file structure_7.tsv (TSV, C-alpha atoms)
chain	number	residue	atom	x	y	z
G	236	MET	CA	-18.57	-14.34	27.96
G	237	GLY	CA	-19.97	-10.95	28.88
G	238	LEU	CA	-22.53	-8.85	27.07
G	239	PHE	CA	-19.98	-6.36	25.75
G	240	SER	CA	-17.76	-9.03	24.27
G	241	LYS	CA	-20.83	-10.33	22.40
G	242	LEU	CA	-21.82	-6.87	21.22
G	243	PHE	CA	-18.33	-5.77	20.21
G	244	LYS	CA	-17.09	-9.00	18.74
G	245	GLU	CA	-13.93	-8.62	16.70
G	246	PRO	CA	-14.28	-9.50	13.02
G	247	GLU	CA	-13.14	-13.02	12.26
G	248	ILE	CA	-10.41	-13.34	9.67
G	249	ASP	CA	-11.02	-15.73	6.79
G	250	LEU	CA	-7.73	-17.61	6.98
G	251	GLU	CA	-8.40	-19.59	3.83
G	252	LYS	CA	-8.75	-16.39	1.82
G	253	SER	CA	-5.74	-14.89	3.59
G	254	ASN	CA	-3.56	-17.94	2.81
G	255	ALA	CA	-4.68	-17.95	-0.83
G	256	ASN	CA	-3.69	-14.29	-1.11
G	257	ALA	CA	-0.34	-15.00	0.56
G	258	ARG	CA	0.35	-17.60	-2.16
G	259	LYS	CA	-0.70	-15.12	-4.86
G	260	ILE	CA	1.57	-12.45	-3.39
G	261	ARG	CA	4.49	-14.88	-3.46
G	262	ALA	CA	3.74	-15.89	-7.06
G	263	LEU	CA	3.55	-12.25	-8.21
G	264	PHE	CA	6.71	-11.27	-6.35
G	265	ASN	CA	8.73	-14.21	-7.66
G	266	HIS	CA	7.42	-13.47	-11.16
G	267	VAL	CA	9.10	-10.05	-11.26
G	268	VAL	CA	11.96	-10.29	-8.75
G	269	GLU	CA	15.04	-12.34	-9.50
G	270	ASP	CA	15.81	-14.80	-6.67
G	271	GLY	CA	12.50	-13.82	-5.09
G	272	ASP	CA	12.69	-16.71	-2.63
G	273	ASN	CA	15.54	-14.89	-0.85
G	274	TYR	CA	12.98	-12.33	0.32
G	275	ARG	CA	10.37	-12.62	3.05
G	276	LEU	CA	7.16	-10.87	2.14
G	277	ILE	CA	4.66	-8.54	3.73
G	278	PHE	CA	1.77	-6.58	2.27
G	279	GLY	CA	1.94	-2.81	2.70
G	280	TYR	CA	0.49	0.29	1.17
G	281	THR	CA	1.51	3.85	0.52
G	282	GLU	CA	-0.35	7.08	0.07
G	283	ASP	CA	2.58	8.56	-1.86
G	284	VAL	CA	1.59	7.21	-5.25
G	285	SER	CA	3.63	9.64	-7.32
G	286	ARG	CA	6.23	6.94	-7.87
G	287	PHE	CA	3.61	4.53	-9.19
G	288	ASP	CA	1.45	5.88	-11.99
G	289	TYR	CA	-0.42	2.58	-12.31
G	290	GLY	CA	-1.91	0.11	-9.91
G	291	PHE	CA	-3.55	2.27	-7.34
G	292	VAL	CA	-7.13	2.60	-6.21
G	293	HIS	CA	-8.90	5.65	-4.87
G	294	GLY	CA	-9.96	5.94	-1.29
G	295	SER	CA	-12.61	8.49	-0.34
G	296	LYS	CA	-10.15	11.37	-0.71
G	297	THR	CA	-6.85	9.55	-0.78
G	298	LYS	CA	-5.00	7.57	-3.42
G	299	ILE	CA	-3.65	4.33	-2.04
G	300	GLY	CA	-0.94	2.26	-3.64
G	301	ASN	CA	-0.91	-1.40	-2.64
G	302	LEU	CA	2.59	-2.80	-2.29
G	303	ILE	CA	4.21	-6.18	-1.98
G	304	VAL	CA	7.22	-5.52	0.22
G	305	GLY	CA	10.01	-8.08	0.24
G	306	TRP	CA	13.00	-7.94	2.53
G	307	ASP	CA	16.28	-9.80	2.18
G	308	GLU	CA	17.79	-10.32	5.62
G	309	ALA	CA	21.21	-11.35	4.33
G	310	GLY	CA	21.50	-8.79	1.54
G	311	LEU	CA	20.02	-5.93	3.64
G	312	ALA	CA	17.69	-4.98	0.83
G	313	ILE	CA	14.02	-4.22	0.39
G	314	ALA	CA	12.16	-4.76	-2.88
G	315	VAL	CA	8.84	-3.00	-3.38
G	316	VAL	CA	6.39	-4.22	-6.02
G	317	PRO	CA	3.23	-2.15	-6.72
G	318	THR	CA	0.06	-4.19	-7.04
G	319	VAL	CA	-3.75	-3.92	-6.78
G	320	PRO	CA	-6.13	-5.27	-4.09
G	321	ASP	CA	-7.32	-8.24	-6.21
G	322	LEU	CA	-3.69	-9.17	-7.02
G	323	SER	CA	-4.50	-9.47	-10.72
G	324	GLY	CA	-1.12	-8.03	-11.64
G	325	CYS	CA	1.87	-5.99	-10.51
G	326	GLY	CA	4.42	-3.46	-11.67
G	327	ASP	CA	8.19	-3.62	-11.85
G	328	PRO	CA	10.08	-3.88	-8.55
G	329	ILE	CA	11.94	-0.98	-6.99
G	330	TYR	CA	14.96	-1.96	-4.93
G	331	TYR	CA	16.21	-0.18	-1.83
G	332	ARG	CA	19.60	-1.47	-0.72
G	333	ARG	CA	20.84	-0.25	2.63
G	334	SER	CA	24.24	0.57	1.19
G	335	GLY	CA	22.63	2.77	-1.49
G	336	ILE	CA	19.91	4.70	0.29
G	337	GLN	CA	20.22	8.12	1.88
G	338	LYS	CA	18.30	7.30	5.05
G	339	ALA	CA	15.57	5.09	6.48
G	340	TYR	CA	13.62	5.30	9.70
G	341	ARG	CA	10.35	4.36	11.38
G	342	ASN	CA	8.02	7.29	11.55
G	343	LYS	CA	6.25	8.18	14.81
G	344	TYR	CA	3.69	10.80	13.84
G	345	PRO	CA	1.14	11.04	12.24
G	346	THR	CA	1.55	7.38	11.23
G	347	ASP	CA	4.04	4.68	12.19
G	348	ALA	CA	5.06	4.21	8.56
G	349	PHE	CA	8.41	2.84	7.42
G	350	ILE	CA	10.17	5.69	5.61
G	351	ILE	CA	12.90	5.22	3.03
G	352	TYR	CA	14.74	8.05	1.28
G	353	PRO	CA	16.51	6.52	-1.72
G	354	ASP	CA	17.98	9.94	-2.47
G	355	LYS	CA	17.49	13.57	-1.50
G	356	ASN	CA	14.69	14.10	-4.01
G	357	GLY	CA	11.98	11.87	-2.64
G	358	TYR	CA	10.89	9.21	-0.23
G	359	ILE	CA	8.50	6.33	0.13
G	360	ALA	CA	6.37	5.78	3.23
G	361	ILE	CA	5.31	2.15	3.62
G	362	ASN	CA	2.39	1.48	5.94
G	363	ALA	CA	2.00	-2.10	7.16
G	364	TYR	CA	-0.50	-3.61	9.58
G	365	ASP	CA	-1.34	-7.12	10.72
G	366	TRP	CA	-4.72	-7.02	8.99
G	367	LEU	CA	-6.83	-4.47	7.10
G	368	ASP	CA	-10.57	-4.92	6.78
G	369	ASP	CA	-11.42	-3.09	3.55
G	370	GLU	CA	-10.96	-5.48	0.62
G	371	LYS	CA	-11.79	-2.80	-1.93
G	372	LEU	CA	-8.76	-0.78	-0.90
G	373	TYR	CA	-6.29	-3.31	0.49
G	374	VAL	CA	-5.16	-6.88	-0.08
G	375	TYR	CA	-7.01	-9.22	2.29
G	376	ILE	CA	-4.27	-10.85	4.33
G	377	SER	CA	-3.49	-11.66	7.95
G	378	GLN	CA	0.22	-11.13	8.64
G	379	LYS	CA	0.93	-10.73	12.32
G	380	GLU	CA	4.18	-12.72	12.30
G	381	GLU	CA	5.45	-11.08	9.13
G	382	LEU	CA	4.78	-7.63	10.58
G	383	VAL	CA	6.80	-8.42	13.71
G	384	ALA	CA	9.66	-9.83	11.62
G	385	PHE	CA	9.67	-6.92	9.17
G	386	THR	CA	9.53	-4.34	11.96
G	387	ASP	CA	12.48	-6.01	13.67
G	388	PHE	CA	14.46	-6.14	10.42
G	389	PHE	CA	13.69	-2.55	9.50
G	390	ILE	CA	14.37	-0.97	12.88
G	391	ASN	CA	17.37	-3.04	13.94
G	392	ARG	CA	19.16	-3.65	10.66
G	393	PHE	CA	17.85	-1.48	7.83
G	394	ALA	CA	17.16	1.86	9.49
G	395	THR	CA	19.95	4.39	9.39
G	396	LYS	CA	19.08	6.21	12.62
L	248	MET	CA	-37.39	26.45	10.52
L	249	GLU	CA	-33.91	27.48	11.70
L	250	MET	CA	-32.87	23.84	11.88
L	251	GLY	CA	-34.03	23.31	8.31
L	252	VAL	CA	-32.00	26.27	7.06
L	253	PHE	CA	-28.97	25.04	8.97
L	254	LEU	CA	-29.29	21.56	7.40
L	255	LEU	CA	-29.64	23.12	3.95
L	256	VAL	CA	-26.45	25.11	4.53
L	257	LEU	CA	-24.66	21.90	5.57
L	258	VAL	CA	-25.86	20.11	2.42
L	259	ALA	CA	-24.74	23.07	0.29
L	260	VAL	CA	-21.29	23.03	1.95
L	261	PHE	CA	-21.03	19.28	1.38
L	262	ILE	CA	-21.97	19.55	-2.31
L	263	TRP	CA	-19.64	22.51	-2.82
L	264	GLY	CA	-16.78	20.63	-1.14
L	265	ASN	CA	-17.24	17.62	-3.38
L	266	LEU	CA	-17.50	19.71	-6.54
L	267	TRP	CA	-14.38	21.65	-5.56
L	268	PHE	CA	-12.46	18.42	-4.85
L	269	HIS	CA	-13.36	16.91	-8.24
L	270	LEU	CA	-12.62	20.18	-10.05
L	271	VAL	CA	-9.13	20.45	-8.51
L	272	GLU	CA	-8.47	16.72	-9.11
L	273	SER	CA	-9.47	16.99	-12.78
L	274	ILE	CA	-7.26	20.06	-13.31
L	275	LEU	CA	-4.33	18.33	-11.61
L	276	GLY	CA	-4.95	15.19	-13.69
L	277	PHE	CA	-5.00	17.27	-16.88
L	278	VAL	CA	-1.72	19.00	-15.98
L	279	ARG	CA	-0.17	15.65	-15.03
L	280	ARG	CA	-1.21	14.11	-18.37
L	281	ILE	CA	0.38	17.01	-20.26
L	282	LEU	CA	3.62	16.78	-18.28
L	283	THR	CA	3.89	12.99	-18.61
L	284	HIS	CA	2.75	12.84	-22.24
L	285	HIS	CA	6.10	11.61	-23.53
L	286	LYS	CA	6.88	9.43	-20.55
L	287	LYS	CA	7.40	5.73	-21.12
L	288	PRO	CA	4.27	3.82	-19.97
L	289	THR	CA	4.60	1.89	-16.74
L	290	VAL	CA	5.24	-1.80	-17.16
L	291	TRP	CA	2.46	-3.98	-15.76
L	292	HIS	CA	2.61	-7.74	-15.38
L	293	ALA	CA	-0.57	-9.81	-15.29
L	294	PHE	CA	-0.82	-12.51	-12.65
L	295	PRO	CA	1.04	-15.65	-13.82
L	296	GLU	CA	-1.93	-18.06	-14.06
L	297	ASN	CA	0.20	-21.21	-14.34
L	298	GLU	CA	1.73	-20.54	-10.91
L	299	GLU	CA	-1.71	-20.18	-9.35
L	300	THR	CA	-2.87	-23.55	-10.68
L	301	GLU	CA	0.31	-25.18	-9.38
L	302	ASP	CA	-0.51	-24.01	-5.86
L	303	ASP	CA	-4.16	-25.02	-6.07

call {"tool": "encode", "arguments": {"input": "structure_7.tsv", "output": "structure tokens"}}
result
Amino acid sequence: MGLFSKLFKEPEIDLEKSNANARKIRALFNHVVEDGDNYRLIFGYTEDVSRFDYGFVHGSKTKIGNLIVGWDEAGLAIAVVPTVPDLSGCGDPIYYRRSGIQKAYRNKYPTDAFIIYPDKNGYIAINAYDWLDDEKLYVYISQKEELVAFTDFFINRFATK
Amino acid sequence: MEMGVFLLVLVAVFIWGNLWFHLVESILGFVRRILTHHKKPTVWHAFPENEETEDD
């Protein structure tokens, strides 16, 4: 092991905490979504909080909305549930069915967010990463496999272009 | 001396920027509250404690 790898050691993920939060996310999602077990789950966040007037925390200059994002492979649907970093509660789900949306695509710049336009009047940009360090702003969870699966679902089956 | 003045200017710009940000945010918040005064409050569900104890 070289000097640089010791100096710039990557932060270690607390898997126990991550797994506990994954169970909490599932419990919250199933609490508000009918047939919640049909959905696979990933944690995401959005900076477009106008749709959610509760359940967001403030970043330094940005408002961040934490989201539980569920996707139904068979039904080609995404359910988005607003929540808070400590997972103490959640809002009502918003459903995006592929047959009912105007368009959906993966953004390229400035972020690689997942964009869904339910209609012409607005959109939601969902950001999702395999792990985010700041527990004050984001749910503490490691989700590498879920991110790969969600990306594949979104790009290959849900996106409209 | 010049460095000191320059740092003071930077501090003043920083403080002004923060004050401006909070001023604009408070005005926007006030306008938003007026516009959404009659809006139905957002539904919020507390974490279902019984499900947590089942898992643990």

call {"tool": "atom_distance", "arguments": {"input": "structure_7.tsv", "atom1": "atom CA of G:Arg332", "atom2": "atom CA of G:Asp347"}}
result
21.1 Å

call {"tool": "closest_residue", "arguments": {"input": "structure_7.tsv", "among": "G:Ala257, G:Ile376, G:Ala262, G:Ala348", "to": "chain L", "atoms": "only C-alpha atoms"}}
result
G:Ala262

call {"tool": "atom_distance", "arguments": {"input": "structure_7.tsv", "atom1": "atom CA of G:Val383", "atom2": "atom CA of G:Asp307"}}
result
15.0 Å

call {"tool": "interface_residues", "arguments": {"input": "structure_7.tsv", "of": "chain L", "to": "chain G", "cutoff": "6 Å", "atoms": "only C-alpha atoms", "output": "ChimeraX atom specification"}}
result
/L:290-294

call {"tool": "axis_aligned_box", "arguments": {"input": "structure_7.tsv", "around": "stretch 338-356 of chain G", "padding_each_side": "5 Å", "output": "JSON"}}
result
{"center_x": 9.7, "center_y": 8.5, "center_z": 5.4, "size_x": 27.2, "size_y": 21.3, "size_z": 28.8}

call {"tool": "atom_distance", "arguments": {"input": "structure_7.tsv", "atom1": "atom CA of G:Asn362", "atom2": "atom CA of G:Leu302"}}
result
9.3 Å

call {"tool": "residues_near_point", "arguments": {"input": "structure_7.tsv", "point": "(-10.1, -3.2, 3.6)", "cutoff": "12 Å", "atoms": "only C-alpha atoms", "output": "NGL selection string"}}
result
:G and (248 or 280 or 292 or 294 or 299 or 301 or 320-321 or 364-377)

call {"tool": "decode", "arguments": {"input": "structure_7.tsv", "residues": "stretch 249-265 of chain G", "atoms": "all heavy atoms", "output": "CSV table (one decimal), in the first residue's frame"}}
result
chain,number,residue,atom,x,y,z
G,249,ASP,N,-20.6,2.7,6.5
G,249,ASP,CA,-21.1,1.9,7.6
G,249,ASP,C,-22.3,1.1,7.0
G,249,ASP,O,-23.4,1.6,6.9
G,249,ASP,CB,-21.6,2.9,8.7
G,249,ASP,CG,-22.1,2.2,9.9
G,249,ASP,OD1,-22.4,1.0,9.8
G,249,ASP,OD2,-22.2,2.8,11.0
G,250,LEU,N,-22.0,-0.1,6.7
G,250,LEU,CA,-23.0,-1.0,6.1
G,250,LEU,C,-24.2,-1.3,7.0
G,250,LEU,O,-25.3,-1.4,6.5
G,250,LEU,CB,-22.4,-2.3,5.6
G,250,LEU,CG,-21.6,-2.1,4.3
G,250,LEU,CD1,-21.0,-3.5,3.9
G,250,LEU,CD2,-22.5,-1.6,3.1
G,251,GLU,N,-23.9,-1.4,8.3
G,251,GLU,CA,-25.0,-1.6,9.2
G,251,GLU,C,-26.0,-0.5,9.2
G,251,GLU,O,-27.3,-0.7,9.1
G,251,GLU,CB,-24.4,-1.8,10.6
G,251,GLU,CG,-25.3,-2.6,11.6
G,251,GLU,CD,-24.7,-2.8,12.9
G,251,GLU,OE1,-23.5,-3.3,12.9
G,251,GLU,OE2,-25.3,-2.6,13.9
G,252,LYS,N,-25.5,0.7,9.2
G,252,LYS,CA,-26.4,1.9,9.2
G,252,LYS,C,-27.1,2.0,7.8
G,252,LYS,O,-28.3,2.3,7.8
G,252,LYS,CB,-25.5,3.2,9.4
G,252,LYS,CG,-26.4,4.4,9.6
G,252,LYS,CD,-25.5,5.7,9.5
G,252,LYS,CE,-24.7,5.9,10.7
G,252,LYS,NZ,-24.0,7.2,10.6
G,253,SER,N,-26.4,1.7,6.8
G,253,SER,CA,-27.0,1.7,5.4
G,253,SER,C,-28.1,0.7,5.3
G,253,SER,O,-29.2,1.0,4.8
G,253,SER,CB,-25.9,1.4,4.4
G,253,SER,OG,-26.4,1.2,3.1
G,254,ASN,N,-27.9,-0.5,5.8
G,254,ASN,CA,-28.9,-1.6,5.7
G,254,ASN,C,-30.1,-1.2,6.6
G,254,ASN,O,-31.3,-1.5,6.2
G,254,ASN,CB,-28.3,-2.9,6.2
G,254,ASN,CG,-27.3,-3.5,5.2
G,254,ASN,OD1,-27.3,-3.1,4.1
G,254,ASN,ND2,-26.4,-4.3,5.7
G,255,ALA,N,-29.9,-0.6,7.8
G,255,ALA,CA,-31.0,-0.2,8.6
G,255,ALA,C,-31.8,0.8,7.9
G,255,ALA,O,-33.1,0.8,7.9
G,255,ALA,CB,-30.5,0.4,9.9
G,256,ASN,N,-31.2,1.8,7.2
G,256,ASN,CA,-31.9,2.8,6.4
G,256,ASN,C,-32.6,2.2,5.2
G,256,ASN,O,-33.7,2.7,4.9
G,256,ASN,CB,-30.9,3.9,6.0
G,256,ASN,CG,-30.7,4.9,7.1
G,256,ASN,OD1,-31.4,5.0,8.0
G,256,ASN,ND2,-29.6,5.7,6.9
G,257,ALA,N,-32.0,1.2,4.6
G,257,ALA,CA,-32.7,0.5,3.5
G,257,ALA,C,-34.0,-0.1,4.0
G,257,ALA,O,-35.1,-0.1,3.3
G,257,ALA,CB,-31.8,-0.6,2.9
G,258,ARG,N,-34.0,-0.7,5.2
G,258,ARG,CA,-35.2,-1.3,5.8
G,258,ARG,C,-36.3,-0.2,6.1
G,258,ARG,O,-37.4,-0.4,5.9
G,258,ARG,CB,-34.9,-2.1,7.0
G,258,ARG,CG,-34.2,-3.4,6.8
G,258,ARG,CD,-34.3,-4.3,8.0
G,258,ARG,NE,-33.6,-3.8,9.1
G,258,ARG,CZ,-32.2,-3.9,9.3
G,258,ARG,NH1,-31.5,-4.6,8.5
G,258,ARG,NH2,-31.7,-3.4,10.4
G,259,LYS,N,-35.8,0.9,6.6
G,259,LYS,CA,-36.7,2.0,6.9
G,259,LYS,C,-37.3,2.6,5.6
G,259,LYS,O,-38.5,2.9,5.6
G,259,LYS,CB,-35.9,3.2,7.6
G,259,LYS,CG,-35.8,3.0,9.1
G,259,LYS,CD,-35.1,4.2,9.7
G,259,LYS,CE,-35.4,4.3,11.1
G,259,LYS,NZ,-34.9,5.6,11.7
G,260,ILE,N,-36.5,2.7,4.6
G,260,ILE,CA,-37.0,3.2,3.3
G,260,ILE,C,-38.1,2.3,2.8
G,260,ILE,O,-39.2,2.7,2.4
G,260,ILE,CB,-35.9,3.3,2.3
G,260,ILE,CG1,-35.1,4.6,2.6
G,260,ILE,CG2,-36.4,3.3,0.9
G,260,ILE,CD1,-33.9,4.8,1.7
G,261,ARG,N,-37.9,1.0,2.9
G,261,ARG,CA,-38.9,0.0,2.4
G,261,ARG,C,-40.2,0.1,3.3
G,261,ARG,O,-41.3,0.1,2.8
G,261,ARG,CB,-38.3,-1.4,2.5
G,261,ARG,CG,-39.3,-2.5,2.3
G,261,ARG,CD,-40.0,-2.4,1.0
G,261,ARG,NE,-39.1,-2.7,-0.2
G,261,ARG,CZ,-39.5,-2.6,-1.4
G,261,ARG,NH1,-40.8,-2.2,-1.7
G,261,ARG,NH2,-38.7,-2.8,-2.4
G,262,ALA,N,-40.0,0.3,4.6
G,262,ALA,CA,-41.2,0.4,5.5
G,262,ALA,C,-42.0,1.6,5.2
G,262,ALA,O,-43.2,1.6,5.0
G,262,ALA,CB,-40.7,0.4,6.9
G,263,LEU,N,-41.3,2.8,5.0
G,263,LEU,CA,-42.0,4.0,4.6
G,263,LEU,C,-42.7,3.9,3.3
G,263,LEU,O,-43.9,4.3,3.2
G,263,LEU,CB,-41.0,5.2,4.5
G,263,LEU,CG,-40.7,5.9,5.8
G,263,LEU,CD1,-39.6,6.9,5.5
G,263,LEU,CD2,-41.9,6.6,6.4
G,264,PHE,N,-42.0,3.3,2.3
G,264,PHE,CA,-42.6,3.2,1.0
G,264,PHE,C,-43.8,2.3,1.0
G,264,PHE,O,-44.9,2.7,0.4
G,264,PHE,CB,-41.5,2.7,0.0
G,264,PHE,CG,-41.9,2.7,-1.4
G,264,PHE,CD1,-41.8,3.9,-2.2
G,264,PHE,CD2,-42.5,1.6,-2.1
G,264,PHE,CE1,-42.1,3.9,-3.5
G,264,PHE,CE2,-42.8,1.6,-3.4
G,264,PHE,CZ,-42.7,2.8,-4.1
G,265,ASN,N,-43.7,1.2,1.6
G,265,ASN,CA,-44.8,0.3,1.7
G,265,ASN,C,-46.0,0.8,2.5
G,265,ASN,O,-47.2,0.4,2.3
G,265,ASN,CB,-44.4,-1.1,2.2
G,265,ASN,CG,-43.6,-1.9,1.2
G,265,ASN,OD1,-43.3,-1.4,0.2
G,265,ASN,ND2,-43.3,-3.1,1.5
